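See structure below.
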Amino acid sequence: VMYGIVYTRPCPAAADGAAGGCVWPYLARRPKLQLSVYTTTRSSIGAESNIDLVLNVEDFDIESKFERTVNVSVPKKTRNNGTLYAFIFLHHAGILPWHDGKQVHIVSPLTTYMVPKPEEINLLTGESATQQIEAEKQINALDEPVSHWRSRLTLNVMVEDFVFDGSSLPADVHRYMKMVQLGKTVHYLPILFIDQLSNRVKDLMVINRSTTELPLTVSYDKISLGKLRFWIHMQDAVYSLQQFGFSEKDADEVKGIFVDTNLYFLALTFFVAAFHLLFDFLAFKNDISFWKKKRSMIGMSTKAVLWRCFSTVVIFLFLLDEQTSLLVLIPAGIGAVIELWKVKKALKMTIKWQGLRPKFQFGAYNDSEKKTEEYDAQAMKYLSYLLYPLCIGGAGYSLLNVKYKSWYSWLINSFVNGVYAFGFLFMLPQLFVNYKMKSVAHLPWKAFTYKAFNTFIDDIFAFIITMPTSHRLACFRDDVVFLVYLYQRWLYPVDKSRVNEYGESYEEKSKKKAKSS
């Protein structure tokens with residue numbers, strides 16, 4: 001598929017010098033060109049009226065890269081949440097664009113609509129009630145999308161003297177082509193392209209009603225035919241995501257993968273991402289299968305299960321509050337639902353409905369399970385001496401020194417910082433239970449293996465996908481935990497007389513098979 005995107009079959013007749021059926025490049029004639037950029041509030045123009053010239057590049061050289069910053073006047077209509085368009089013309093030098101029959105142009109909006117990020121405040125500044133009400137009104141007003149200025153405009157011209165086969169023009173490039181008849185041959189005019197992938201959220205500026213001028217950075221670089229076709233497909237993919245409901249910020253995360261990443265590293269990312277999705281599916285599948293069949297909690301730390309559920313839900317709410325990319329948010333949400341179901345299984349909880357009122361019932365533990373709970377409680381007792389002061393101290397420090405959008409944001413951030421910074425401590429009770437029982441046969445090793453693979457893959461994604469710094473550090477923290485689990489698996493050999501995670505032993509299975517035969 002990738003080969004079909006970047007490779008274009010040339011016109012076979014061109015090799016013989018014949019012109020029949022071929023579409024020739026107009027740039028091969030080396031015309032003297034000029035680049036002009038105009039702005040207007042209308043989406044189409046027919047003459048020179050009501051437009052502003054913001055950039056004029058005479059003696060435009062298609063081979064030379066440049067970047068220029070100009071100040072653009074912002075009309076009153078645009079300041080009132082209107083749209084401002086940029087018309088980019090590539091035409092013959094010394095001729096106005098609308099008088100040149102061989103000009104090419106492309107249109108791009110310089111404004112977009114997006115909900116601005118809420119302002120963060122110190123929650124202990126001692127504001128008066130009136131100030132707090134005004135702040136809340138301002139925050140509520142920010143829930144509505146407002147006009148933002150695109151401060152960058154990236155232009156490309158396809159510079160290859162490529163001869164197309166007129167009978168099989170690529171559909172992706174064809175919509176950017178304008179053809180003219182010159183004698184007996186058909187020529188395509190210069191292919192002008194706007195790189196929308198370079199329009200990033202970080203470059204957007206809020207347009208205020210008092211704003212009269214805004215900076216616009218116009219950059220130009222040549223582009224090959226293969227890269228042009230690839231970029232067109234990527235832009236179409238991002239547009240499709242937005243049609244499916246992805247926000248501007250989510251689409252921006254996808255753009256960042258292509259724009260901010262080396263192409264070779266990007267190819268590796270695609271390859272790794274496929275395995276990440278596969279291991280995610282297998283880990284969820286085996287985790288559900290393990291807990292669905294599980295009849296005993298022998299060797300399993302109930303408190304560790306409860307902690308994983310709490311931490312997963314908190315992380316999901318934190319990522320939701322931070323407006324993290326859906327690439328991270330969706331798997332976190334699925335994991336949170338699975339962890340809630342596992343708590344129900346671990347506590348042997350059943351729900352019976354009495355009309356509209358649910359009634360919760362909890363099953364009893366046998367002697368072996370009670371022994372496991374004793375080890376679990378012992379580990380948590382020692383752990384609480386370290387964990388609780390650290391979490392409370394961290395929450396108090398952040399309240400005094402860090403700004404937040406709201407009290408809810410501070411609460412979620414405090415919880416998630418405790419999860420990320422000290423969450424690995426809650427994995428210690430399971431390690432302690434393993435140590436006391438001198439066994440790891442009760443653990444879901446298939447699911448653990450897939451999660452371990454994904455943890456190392458997450459280390460790669462931590463440098464590519466935009467996510468909170470604490471979530472990025474947690475990816476590396478999990479590596480250490482999995483290594484400890486692997487060490488325990490090596491340290492405690494398999495005892496075939498010991499029950500496994502399904503409450504069965506290997507010897508019992510052998511006896512059943514012998515009786516049936």
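Note on naming: chains are A, B, ... as they come in the structure tokens, residues start from 1 per chain, ligands start from 1 in the order shown.
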
Note to self: Can you tell me which residues surround Val343 of chain A at a distance of at most 12 Å, considering only C-alpha atoms, apart from same-chain residues fewer than 2 positions away, and format the answer as a list in words?
What the structure shows: Trp291, Lys292, Met297, Met300, Ser301, Thr302, Lys303, Ala304, Val305, Leu306, Trp307, Arg308, Cys309, Phe310, Ala336, Val337, Ile338, Glu339, Leu340, Trp341, Lys345, Ala346, Leu347, Lys348, Met349, Thr350 and Phe362 of chain A

Output C-alpha atoms for every residue in the selection just made, as a PDB file, in the first residue's frame.
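Result file out_25.pdb:
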ATOM      1  CA  TRP A 291     -10.717 -13.878  36.178  1.00  0.00           C
ATOM      2  CA  LYS A 292     -13.785 -15.406  34.566  1.00  0.00           C
ATOM      3  CA  MET A 297      -8.354 -16.022  45.800  1.00  0.00           C
ATOM      4  CA  MET A 300      -3.908 -13.249  45.276  1.00  0.00           C
ATOM      5  CA  SER A 301      -3.677  -9.936  47.083  1.00  0.00           C
ATOM      6  CA  THR A 302      -7.204  -8.508  47.330  1.00  0.00           C
ATOM      7  CA  LYS A 303      -5.879  -5.114  48.364  1.00  0.00           C
ATOM      8  CA  ALA A 304      -3.627  -5.044  45.309  1.00  0.00           C
ATOM      9  CA  VAL A 305      -6.690  -5.717  43.134  1.00  0.00           C
ATOM     10  CA  LEU A 306      -8.590  -2.908  44.880  1.00  0.00           C
ATOM     11  CA  TRP A 307      -5.637  -0.575  44.456  1.00  0.00           C
ATOM     12  CA  ARG A 308      -5.269  -1.373  40.764  1.00  0.00           C
ATOM     13  CA  CYS A 309      -8.956  -0.611  40.298  1.00  0.00           C
ATOM     14  CA  PHE A 310      -8.723   2.679  42.188  1.00  0.00           C
ATOM     15  CA  ALA A 336     -10.803   0.861  34.118  1.00  0.00           C
ATOM     16  CA  VAL A 337     -13.992  -1.055  33.268  1.00  0.00           C
ATOM     17  CA  ILE A 338     -12.132  -4.393  33.419  1.00  0.00           C
ATOM     18  CA  GLU A 339     -10.584  -3.516  36.803  1.00  0.00           C
ATOM     19  CA  LEU A 340     -14.018  -2.712  38.252  1.00  0.00           C
ATOM     20  CA  TRP A 341     -15.255  -6.125  37.120  1.00  0.00           C
ATOM     21  CA  LYS A 345     -14.837 -11.156  41.318  1.00  0.00           C
ATOM     22  CA  ALA A 346     -12.135 -10.676  43.989  1.00  0.00           C
ATOM     23  CA  LEU A 347     -14.658  -9.705  46.688  1.00  0.00           C
ATOM     24  CA  LYS A 348     -17.028 -12.504  45.570  1.00  0.00           C
ATOM     25  CA  MET A 349     -19.665  -9.847  45.240  1.00  0.00           C
ATOM     26  CA  THR A 350     -23.158 -10.555  43.946  1.00  0.00           C
ATOM     27  CA  PHE A 362     -20.193 -10.904  49.689  1.00  0.00           C
TER      28      PHE A 362
END

Notebook entry, point to check: Counting only C-alpha atoms, what is within 10 Å of segment 88-92 of chain A, bar same-chain residues fewer than 5 positions away, as a ChimeraX atom specification?
Noted result: /A:31-39,55-60,97-108,155,157,189-194

Notebook entry, point to check: In segment 168-359 of chain A, what's alpha helix (DSSP H) per DSSP? Answer as a PyMOL selection string?
Noted result: chain A and resi 171-174+225-243+248-259+263-293+302-321+326-346

Checklist line | Coordinates-based distance that separates atom CA of Thr111 of chain A from atom CA of Ser247 of chain A (Å, one decimal) | finding: 15.7 Å

Next item on the list: Compile the contact shell of segment 73-77 of chain A as number ranges by chain: residues with an atom at most 10 Å away, counting only C-alpha atoms, same-chain residues fewer than 4 positions apart removed.
Entry: A: 39-41, 52, 54, 81-84, 149, 207, 209-215

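Closest approach to Glu253 of chain A from the set A:Val328, A:Leu386, A:Leu53, A:Leu278 is made by A:Val328, with distances taken over only C-alpha atoms.
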
Margin query: So that I can check the surroundings of Leu182 of chain A, please list as a ChimeraX atom specification every protein, DNA and RNA residue that reaches within 12 Å of it, counting only C-alpha atoms and ignoring chain neighbours fewer than 5 positions away.
Written below: /A:19,23-26,29,102,187-189

Could those selected residues go to a file with all heavy atoms, as a tab-separated table (two decimals), in the first residue's frame?
chain	number	residue	atom	x	y	z
A	19	ALA	N	4.49	12.51	-27.62
A	19	ALA	CA	3.69	13.34	-26.74
A	19	ALA	C	2.30	12.79	-26.50
A	19	ALA	O	1.60	13.25	-25.61
A	19	ALA	CB	3.57	14.75	-27.32
A	23	VAL	N	1.08	13.95	-20.04
A	23	VAL	CA	0.86	15.27	-19.45
A	23	VAL	C	2.20	15.78	-18.96
A	23	VAL	O	2.80	15.20	-18.03
A	23	VAL	CB	-0.17	15.22	-18.31
A	23	VAL	CG1	-0.43	16.62	-17.77
A	23	VAL	CG2	-1.47	14.58	-18.78
A	24	TRP	N	2.68	16.85	-19.57
A	24	TRP	CA	4.04	17.33	-19.34
A	24	TRP	C	4.06	18.44	-18.29
A	24	TRP	O	3.09	19.18	-18.14
A	24	TRP	CB	4.64	17.84	-20.65
A	24	TRP	CG	4.71	16.78	-21.71
A	24	TRP	CD1	3.70	16.36	-22.51
A	24	TRP	CD2	5.84	16.00	-22.04
A	24	TRP	NE1	4.12	15.35	-23.35
A	24	TRP	CE2	5.44	15.11	-23.08
A	24	TRP	CE3	7.16	15.94	-21.60
A	24	TRP	CZ2	6.31	14.19	-23.65
A	24	TRP	CZ3	8.03	15.04	-22.17
A	24	TRP	CH2	7.61	14.17	-23.17
A	25	PRO	N	5.20	18.59	-17.60
A	25	PRO	CA	5.29	19.64	-16.57
A	25	PRO	C	5.53	21.01	-17.20
A	25	PRO	O	6.45	21.18	-18.01
A	25	PRO	CB	6.48	19.19	-15.73
A	25	PRO	CG	7.33	18.39	-16.66
A	25	PRO	CD	6.39	17.73	-17.62
A	26	TYR	N	4.73	21.98	-16.80
A	26	TYR	CA	4.92	23.35	-17.29
A	26	TYR	C	6.20	23.95	-16.73
A	26	TYR	O	6.82	24.81	-17.36
A	26	TYR	CB	3.71	24.20	-16.89
A	26	TYR	CG	3.73	25.61	-17.42
A	26	TYR	CD1	3.44	25.87	-18.76
A	26	TYR	CD2	4.04	26.69	-16.59
A	26	TYR	CE1	3.46	27.16	-19.26
A	26	TYR	CE2	4.07	27.98	-17.08
A	26	TYR	CZ	3.78	28.21	-18.42
A	26	TYR	OH	3.81	29.50	-18.91
A	29	ARG	N	9.56	24.36	-18.63
A	29	ARG	CA	9.82	25.52	-19.49
A	29	ARG	C	10.56	26.63	-18.74
A	29	ARG	O	10.93	27.65	-19.35
A	29	ARG	CB	8.50	26.07	-20.03
A	29	ARG	CG	7.79	25.12	-20.99
A	29	ARG	CD	6.38	25.64	-21.33
A	29	ARG	NE	5.80	24.88	-22.42
A	29	ARG	CZ	5.67	25.35	-23.67
A	29	ARG	NH1	6.06	26.57	-23.97
A	29	ARG	NH2	5.12	24.58	-24.61
A	102	LYS	N	-2.58	31.47	-16.74
A	102	LYS	CA	-1.82	30.27	-16.33
A	102	LYS	C	-1.42	30.34	-14.85
A	102	LYS	O	-0.44	29.73	-14.44
A	102	LYS	CB	-0.57	30.11	-17.21
A	102	LYS	CG	-0.89	29.87	-18.68
A	102	LYS	CD	0.39	29.64	-19.48
A	102	LYS	CE	0.08	29.40	-20.95
A	102	LYS	NZ	-0.53	30.57	-21.60
A	187	HIS	N	0.00	20.27	-20.80
A	187	HIS	CA	0.90	20.54	-19.69
A	187	HIS	C	0.09	20.74	-18.40
A	187	HIS	O	-1.03	21.24	-18.44
A	187	HIS	CB	1.74	21.79	-19.95
A	187	HIS	CG	2.77	21.61	-21.01
A	187	HIS	ND1	2.47	21.46	-22.35
A	187	HIS	CD2	4.14	21.54	-20.93
A	187	HIS	CE1	3.57	21.33	-23.05
A	187	HIS	NE2	4.61	21.37	-22.21
A	188	TYR	N	0.70	20.34	-17.29
A	188	TYR	CA	0.09	20.67	-15.99
A	188	TYR	C	0.89	21.80	-15.36
A	188	TYR	O	2.13	21.80	-15.36
A	188	TYR	CB	0.01	19.45	-15.07
A	188	TYR	CG	1.33	18.84	-14.63
A	188	TYR	CD1	1.95	19.25	-13.45
A	188	TYR	CD2	1.96	17.86	-15.40
A	188	TYR	CE1	3.15	18.69	-13.03
A	188	TYR	CE2	3.15	17.29	-15.00
A	188	TYR	CZ	3.75	17.72	-13.81
A	188	TYR	OH	4.94	17.16	-13.42
A	189	LEU	N	0.14	22.78	-14.86
A	189	LEU	CA	0.77	23.95	-14.24
A	189	LEU	C	1.38	23.56	-12.90
A	189	LEU	O	1.12	22.46	-12.37
A	189	LEU	CB	-0.28	25.04	-14.06
A	189	LEU	CG	-0.88	25.60	-15.37
A	189	LEU	CD1	-1.98	26.60	-15.07
A	189	LEU	CD2	0.21	26.24	-16.23

Next item on the list: Do a neighbour search on segment 64-70 of chain A at 8 Å with only C-alpha atoms, toss out local chain neighbours closer than 2 positions, and write the hits as a PyMOL selection string.
Entry: chain A and resi 54-55+61-62+72+215-222

Restricting it to all heavy atoms, dump the selection as a CSV table (one decimal), in the first residue's frame.
chain,number,residue,atom,x,y,z
A,54,VAL,N,-0.5,40.7,1.5
A,54,VAL,CA,0.3,40.6,2.8
A,54,VAL,C,1.7,40.1,2.5
A,54,VAL,O,2.7,40.4,3.2
A,54,VAL,CB,-0.3,39.7,3.8
A,54,VAL,CG1,-1.7,40.2,4.3
A,54,VAL,CG2,-0.5,38.3,3.3
A,55,LEU,N,1.9,39.5,1.3
A,55,LEU,CA,3.3,39.0,0.9
A,55,LEU,C,3.4,38.9,-0.6
A,55,LEU,O,2.5,38.4,-1.2
A,55,LEU,CB,3.5,37.6,1.6
A,55,LEU,CG,4.9,37.0,1.2
A,55,LEU,CD1,6.0,37.9,1.8
A,55,LEU,CD2,5.0,35.6,1.7
A,61,ASP,N,11.9,31.7,-6.7
A,61,ASP,CA,12.7,30.5,-7.1
A,61,ASP,C,12.1,29.3,-6.4
A,61,ASP,O,12.1,29.2,-5.2
A,61,ASP,CB,14.1,30.7,-6.7
A,61,ASP,CG,15.0,29.5,-7.1
A,61,ASP,OD1,14.5,28.6,-7.8
A,61,ASP,OD2,16.2,29.5,-6.7
A,62,ILE,N,11.6,28.3,-7.2
A,62,ILE,CA,10.9,27.1,-6.6
A,62,ILE,C,11.9,26.2,-5.9
A,62,ILE,O,11.5,25.4,-5.1
A,62,ILE,CB,10.1,26.3,-7.7
A,62,ILE,CG1,11.1,25.8,-8.7
A,62,ILE,CG2,9.0,27.2,-8.2
A,62,ILE,CD1,10.5,24.9,-9.7
A,72,VAL,N,-0.5,40.9,9.7
A,72,VAL,CA,-1.7,40.8,8.9
A,72,VAL,C,-2.8,41.7,9.7
A,72,VAL,O,-3.0,41.5,10.9
A,72,VAL,CB,-2.2,39.4,8.7
A,72,VAL,CG1,-3.5,39.4,8.0
A,72,VAL,CG2,-1.2,38.6,8.0
A,215,PRO,N,0.7,38.3,13.8
A,215,PRO,CA,1.8,37.9,12.9
A,215,PRO,C,1.4,36.6,12.2
A,215,PRO,O,0.7,35.7,12.7
A,215,PRO,CB,2.9,37.6,14.0
A,215,PRO,CG,2.2,37.2,15.2
A,215,PRO,CD,0.9,38.1,15.2
A,216,LEU,N,2.0,36.5,11.0
A,216,LEU,CA,1.8,35.3,10.2
A,216,LEU,C,3.1,34.9,9.6
A,216,LEU,O,3.8,35.7,8.9
A,216,LEU,CB,0.8,35.5,9.0
A,216,LEU,CG,0.6,34.4,8.0
A,216,LEU,CD1,0.0,33.2,8.7
A,216,LEU,CD2,-0.3,34.8,6.8
A,217,THR,N,3.6,33.7,9.9
A,217,THR,CA,4.9,33.2,9.4
A,217,THR,C,4.6,32.3,8.2
A,217,THR,O,4.0,31.3,8.3
A,217,THR,CB,5.6,32.3,10.5
A,217,THR,OG1,5.8,33.2,11.6
A,217,THR,CG2,6.9,31.8,9.9
A,218,VAL,N,5.1,32.8,7.0
A,218,VAL,CA,4.9,32.1,5.8
A,218,VAL,C,6.2,31.4,5.4
A,218,VAL,O,7.3,32.0,5.3
A,218,VAL,CB,4.5,33.0,4.6
A,218,VAL,CG1,4.3,32.2,3.3
A,218,VAL,CG2,3.2,33.8,5.0
A,219,SER,N,6.2,30.1,5.3
A,219,SER,CA,7.4,29.3,5.0
A,219,SER,C,7.2,28.5,3.7
A,219,SER,O,6.0,28.1,3.5
A,219,SER,CB,7.8,28.4,6.2
A,219,SER,OG,6.7,27.5,6.5
A,220,TYR,N,8.2,28.4,3.0
A,220,TYR,CA,8.1,27.6,1.7
A,220,TYR,C,9.3,26.6,1.6
A,220,TYR,O,10.4,26.9,2.0
A,220,TYR,CB,8.2,28.6,0.5
A,220,TYR,CG,8.4,27.8,-0.8
A,220,TYR,CD1,7.4,27.2,-1.4
A,220,TYR,CD2,9.7,27.7,-1.4
A,220,TYR,CE1,7.6,26.4,-2.6
A,220,TYR,CE2,9.9,27.0,-2.5
A,220,TYR,CZ,8.9,26.4,-3.1
A,220,TYR,OH,9.1,25.6,-4.3
A,221,ASP,N,9.0,25.5,1.0
A,221,ASP,CA,10.0,24.5,0.7
A,221,ASP,C,9.5,23.6,-0.4
A,221,ASP,O,8.3,23.4,-0.6
A,221,ASP,CB,10.3,23.6,1.9
A,221,ASP,CG,11.6,22.8,1.8
A,221,ASP,OD1,12.3,23.1,0.8
A,221,ASP,OD2,11.9,22.0,2.7
A,222,LYS,N,10.4,23.2,-1.2
A,222,LYS,CA,10.0,22.3,-2.4
A,222,LYS,C,9.7,20.9,-1.8
A,222,LYS,O,10.0,20.6,-0.7
A,222,LYS,CB,11.2,22.2,-3.4
A,222,LYS,CG,12.5,21.6,-2.8
A,222,LYS,CD,13.6,21.6,-3.8
A,222,LYS,CE,14.9,20.9,-3.2
A,222,LYS,NZ,16.0,20.9,-4.1

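Nearest residue to Asp252 of chain A, choosing from A:Lys202, A:Ser289, A:Gly333, A:Ser439 and counting only C-alpha atoms: A:Lys202.
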
Next item on the list: as a PyMOL selection string, please: all residues of segment 17-232 of chain A that backbone DSSP puts in strand (DSSP E or B).
Entry: chain A and resi 22-25+33-40+52-60+66-73+85-92+104-109+111-114+121+146-150+152-158+164-165+179-182+185-188+192-194+204-206+213-223

Those same residues - C-alpha atoms - I'd like them written as a PDB file, in the first residue's frame.
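In the end it all went to part_31.pdb:
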ATOM      1  CA  CYS A  22       1.268  12.287 -21.781  1.00  0.00           C
ATOM      2  CA  VAL A  23       0.864  15.269 -19.455  1.00  0.00           C
ATOM      3  CA  TRP A  24       4.039  17.331 -19.340  1.00  0.00           C
ATOM      4  CA  PRO A  25       5.290  19.644 -16.572  1.00  0.00           C
ATOM      5  CA  LEU A  33       7.189  33.160 -11.473  1.00  0.00           C
ATOM      6  CA  GLN A  34       5.892  35.334  -8.666  1.00  0.00           C
ATOM      7  CA  LEU A  35       4.278  34.313  -5.369  1.00  0.00           C
ATOM      8  CA  SER A  36       1.509  36.501  -3.921  1.00  0.00           C
ATOM      9  CA  VAL A  37      -0.474  36.005  -0.706  1.00  0.00           C
ATOM     10  CA  TYR A  38      -3.739  37.899  -0.170  1.00  0.00           C
ATOM     11  CA  THR A  39      -6.210  37.922   2.731  1.00  0.00           C
ATOM     12  CA  THR A  40      -9.968  38.472   2.601  1.00  0.00           C
ATOM     13  CA  ASP A  52      -5.189  42.825   1.197  1.00  0.00           C
ATOM     14  CA  LEU A  53      -1.775  41.897  -0.180  1.00  0.00           C
ATOM     15  CA  VAL A  54       0.315  40.614   2.759  1.00  0.00           C
ATOM     16  CA  LEU A  55       3.260  38.998   0.942  1.00  0.00           C
ATOM     17  CA  ASN A  56       4.723  39.435  -2.535  1.00  0.00           C
ATOM     18  CA  VAL A  57       7.774  37.410  -3.612  1.00  0.00           C
ATOM     19  CA  GLU A  58       9.073  38.574  -6.985  1.00  0.00           C
ATOM     20  CA  ASP A  59      11.521  36.376  -8.912  1.00  0.00           C
ATOM     21  CA  PHE A  60      10.201  33.414  -6.963  1.00  0.00           C
ATOM     22  CA  PHE A  66      12.484  30.598   2.742  1.00  0.00           C
ATOM     23  CA  GLU A  67      10.526  31.736   5.805  1.00  0.00           C
ATOM     24  CA  ARG A  68       9.117  35.213   6.325  1.00  0.00           C
ATOM     25  CA  THR A  69       6.961  36.755   9.071  1.00  0.00           C
ATOM     26  CA  VAL A  70       4.452  39.455   8.151  1.00  0.00           C
ATOM     27  CA  ASN A  71       1.839  41.391  10.111  1.00  0.00           C
ATOM     28  CA  VAL A  72      -1.736  40.842   8.933  1.00  0.00           C
ATOM     29  CA  SER A  73      -4.538  43.338   9.572  1.00  0.00           C
ATOM     30  CA  TYR A  85      -9.013  33.423   4.290  1.00  0.00           C
ATOM     31  CA  ALA A  86      -5.588  33.403   2.673  1.00  0.00           C
ATOM     32  CA  PHE A  87      -5.422  33.218  -1.128  1.00  0.00           C
ATOM     33  CA  ILE A  88      -2.018  32.050  -2.342  1.00  0.00           C
ATOM     34  CA  PHE A  89      -1.279  32.701  -6.031  1.00  0.00           C
ATOM     35  CA  LEU A  90       1.612  31.383  -8.110  1.00  0.00           C
ATOM     36  CA  HIS A  91       1.616  33.358 -11.361  1.00  0.00           C
ATOM     37  CA  HIS A  92       3.848  34.857 -14.019  1.00  0.00           C
ATOM     38  CA  VAL A 104      -2.577  28.556  -9.943  1.00  0.00           C
ATOM     39  CA  HIS A 105      -3.980  29.369  -6.537  1.00  0.00           C
ATOM     40  CA  ILE A 106      -5.098  27.677  -3.368  1.00  0.00           C
ATOM     41  CA  VAL A 107      -7.237  28.881  -0.457  1.00  0.00           C
ATOM     42  CA  SER A 108      -6.697  28.278   3.251  1.00  0.00           C
ATOM     43  CA  PRO A 109      -8.550  29.670   6.301  1.00  0.00           C
ATOM     44  CA  THR A 111      -8.749  31.115  11.564  1.00  0.00           C
ATOM     45  CA  THR A 112     -10.254  28.124  13.333  1.00  0.00           C
ATOM     46  CA  TYR A 113     -12.662  27.593  16.209  1.00  0.00           C
ATOM     47  CA  MET A 114     -11.582  25.903  19.423  1.00  0.00           C
ATOM     48  CA  ILE A 121      -5.377  29.835  39.460  1.00  0.00           C
ATOM     49  CA  VAL A 146     -13.815  31.126  19.953  1.00  0.00           C
ATOM     50  CA  SER A 147     -11.766  32.181  16.927  1.00  0.00           C
ATOM     51  CA  HIS A 148      -8.090  31.297  16.979  1.00  0.00           C
ATOM     52  CA  TRP A 149      -5.405  32.591  14.622  1.00  0.00           C
ATOM     53  CA  ARG A 150      -3.257  30.164  12.636  1.00  0.00           C
ATOM     54  CA  ARG A 152       1.872  29.571  10.404  1.00  0.00           C
ATOM     55  CA  LEU A 153       1.294  29.021   6.680  1.00  0.00           C
ATOM     56  CA  THR A 154       3.486  26.342   5.089  1.00  0.00           C
ATOM     57  CA  LEU A 155       3.611  26.178   1.275  1.00  0.00           C
ATOM     58  CA  ASN A 156       5.075  23.575  -1.067  1.00  0.00           C
ATOM     59  CA  VAL A 157       5.528  23.272  -4.822  1.00  0.00           C
ATOM     60  CA  MET A 158       6.140  19.902  -6.490  1.00  0.00           C
ATOM     61  CA  PHE A 164       2.235  11.771 -16.079  1.00  0.00           C
ATOM     62  CA  ASP A 165       0.299   9.203 -18.050  1.00  0.00           C
ATOM     63  CA  MET A 179      -3.875  21.575 -17.092  1.00  0.00           C
ATOM     64  CA  VAL A 180      -3.481  23.734 -20.191  1.00  0.00           C
ATOM     65  CA  GLN A 181      -3.133  22.906 -23.884  1.00  0.00           C
ATOM     66  CA  LEU A 182       0.071  24.290 -25.429  1.00  0.00           C
ATOM     67  CA  THR A 185       0.828  18.801 -25.922  1.00  0.00           C
ATOM     68  CA  VAL A 186      -0.975  18.986 -22.592  1.00  0.00           C
ATOM     69  CA  HIS A 187       0.897  20.541 -19.688  1.00  0.00           C
ATOM     70  CA  TYR A 188       0.090  20.668 -15.994  1.00  0.00           C
ATOM     71  CA  LEU A 192       0.832  24.291  -5.277  1.00  0.00           C
ATOM     72  CA  PHE A 193       0.177  22.628  -1.934  1.00  0.00           C
ATOM     73  CA  ILE A 194      -0.521  23.857   1.619  1.00  0.00           C
ATOM     74  CA  LEU A 204      -2.802  28.985  17.618  1.00  0.00           C
ATOM     75  CA  MET A 205      -3.492  32.416  19.117  1.00  0.00           C
ATOM     76  CA  VAL A 206      -6.807  33.588  20.589  1.00  0.00           C
ATOM     77  CA  GLU A 213      -2.828  42.966  13.771  1.00  0.00           C
ATOM     78  CA  LEU A 214      -1.478  39.450  14.116  1.00  0.00           C
ATOM     79  CA  PRO A 215       1.792  37.860  12.940  1.00  0.00           C
ATOM     80  CA  LEU A 216       1.781  35.276  10.153  1.00  0.00           C
ATOM     81  CA  THR A 217       4.852  33.175   9.396  1.00  0.00           C
ATOM     82  CA  VAL A 218       4.900  32.072   5.753  1.00  0.00           C
ATOM     83  CA  SER A 219       7.380  29.312   5.016  1.00  0.00           C
ATOM     84  CA  TYR A 220       8.136  27.618   1.705  1.00  0.00           C
ATOM     85  CA  ASP A 221       9.993  24.472   0.722  1.00  0.00           C
ATOM     86  CA  LYS A 222      10.042  22.290  -2.366  1.00  0.00           C
ATOM     87  CA  ILE A 223       8.507  18.815  -2.230  1.00  0.00           C
TER      88      ILE A 223
END

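The list of residues with at least one atom within 10 Å of Arg9 of chain A, based on only C-alpha atoms and without residues fewer than 5 positions apart in the same chain, reads Gly4, Phe162, Val163, Phe164, Asp165, Ser168, Leu169 and Pro170 of chain A.
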
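Note that atom CA of Thr312 of chain A and atom CA of Ala332 of chain A are 7.2 Å apart.
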
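The residue that comes closest to Leu411 of chain A, out of A:Thr8, A:Pro331, A:Val314, A:Lys352 and on the basis of only C-alpha atoms, is A:Val314.
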
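Here atom CA of Arg200 of chain A and atom CA of Ser240 of chain A stand 17.1 Å from one another.
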
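Using only C-alpha atoms, the shortest contact distance between Gly166 of chain A and any of A:Gln235, A:Ser311, A:Gln361, A:Gly20 is found at A:Gly20.
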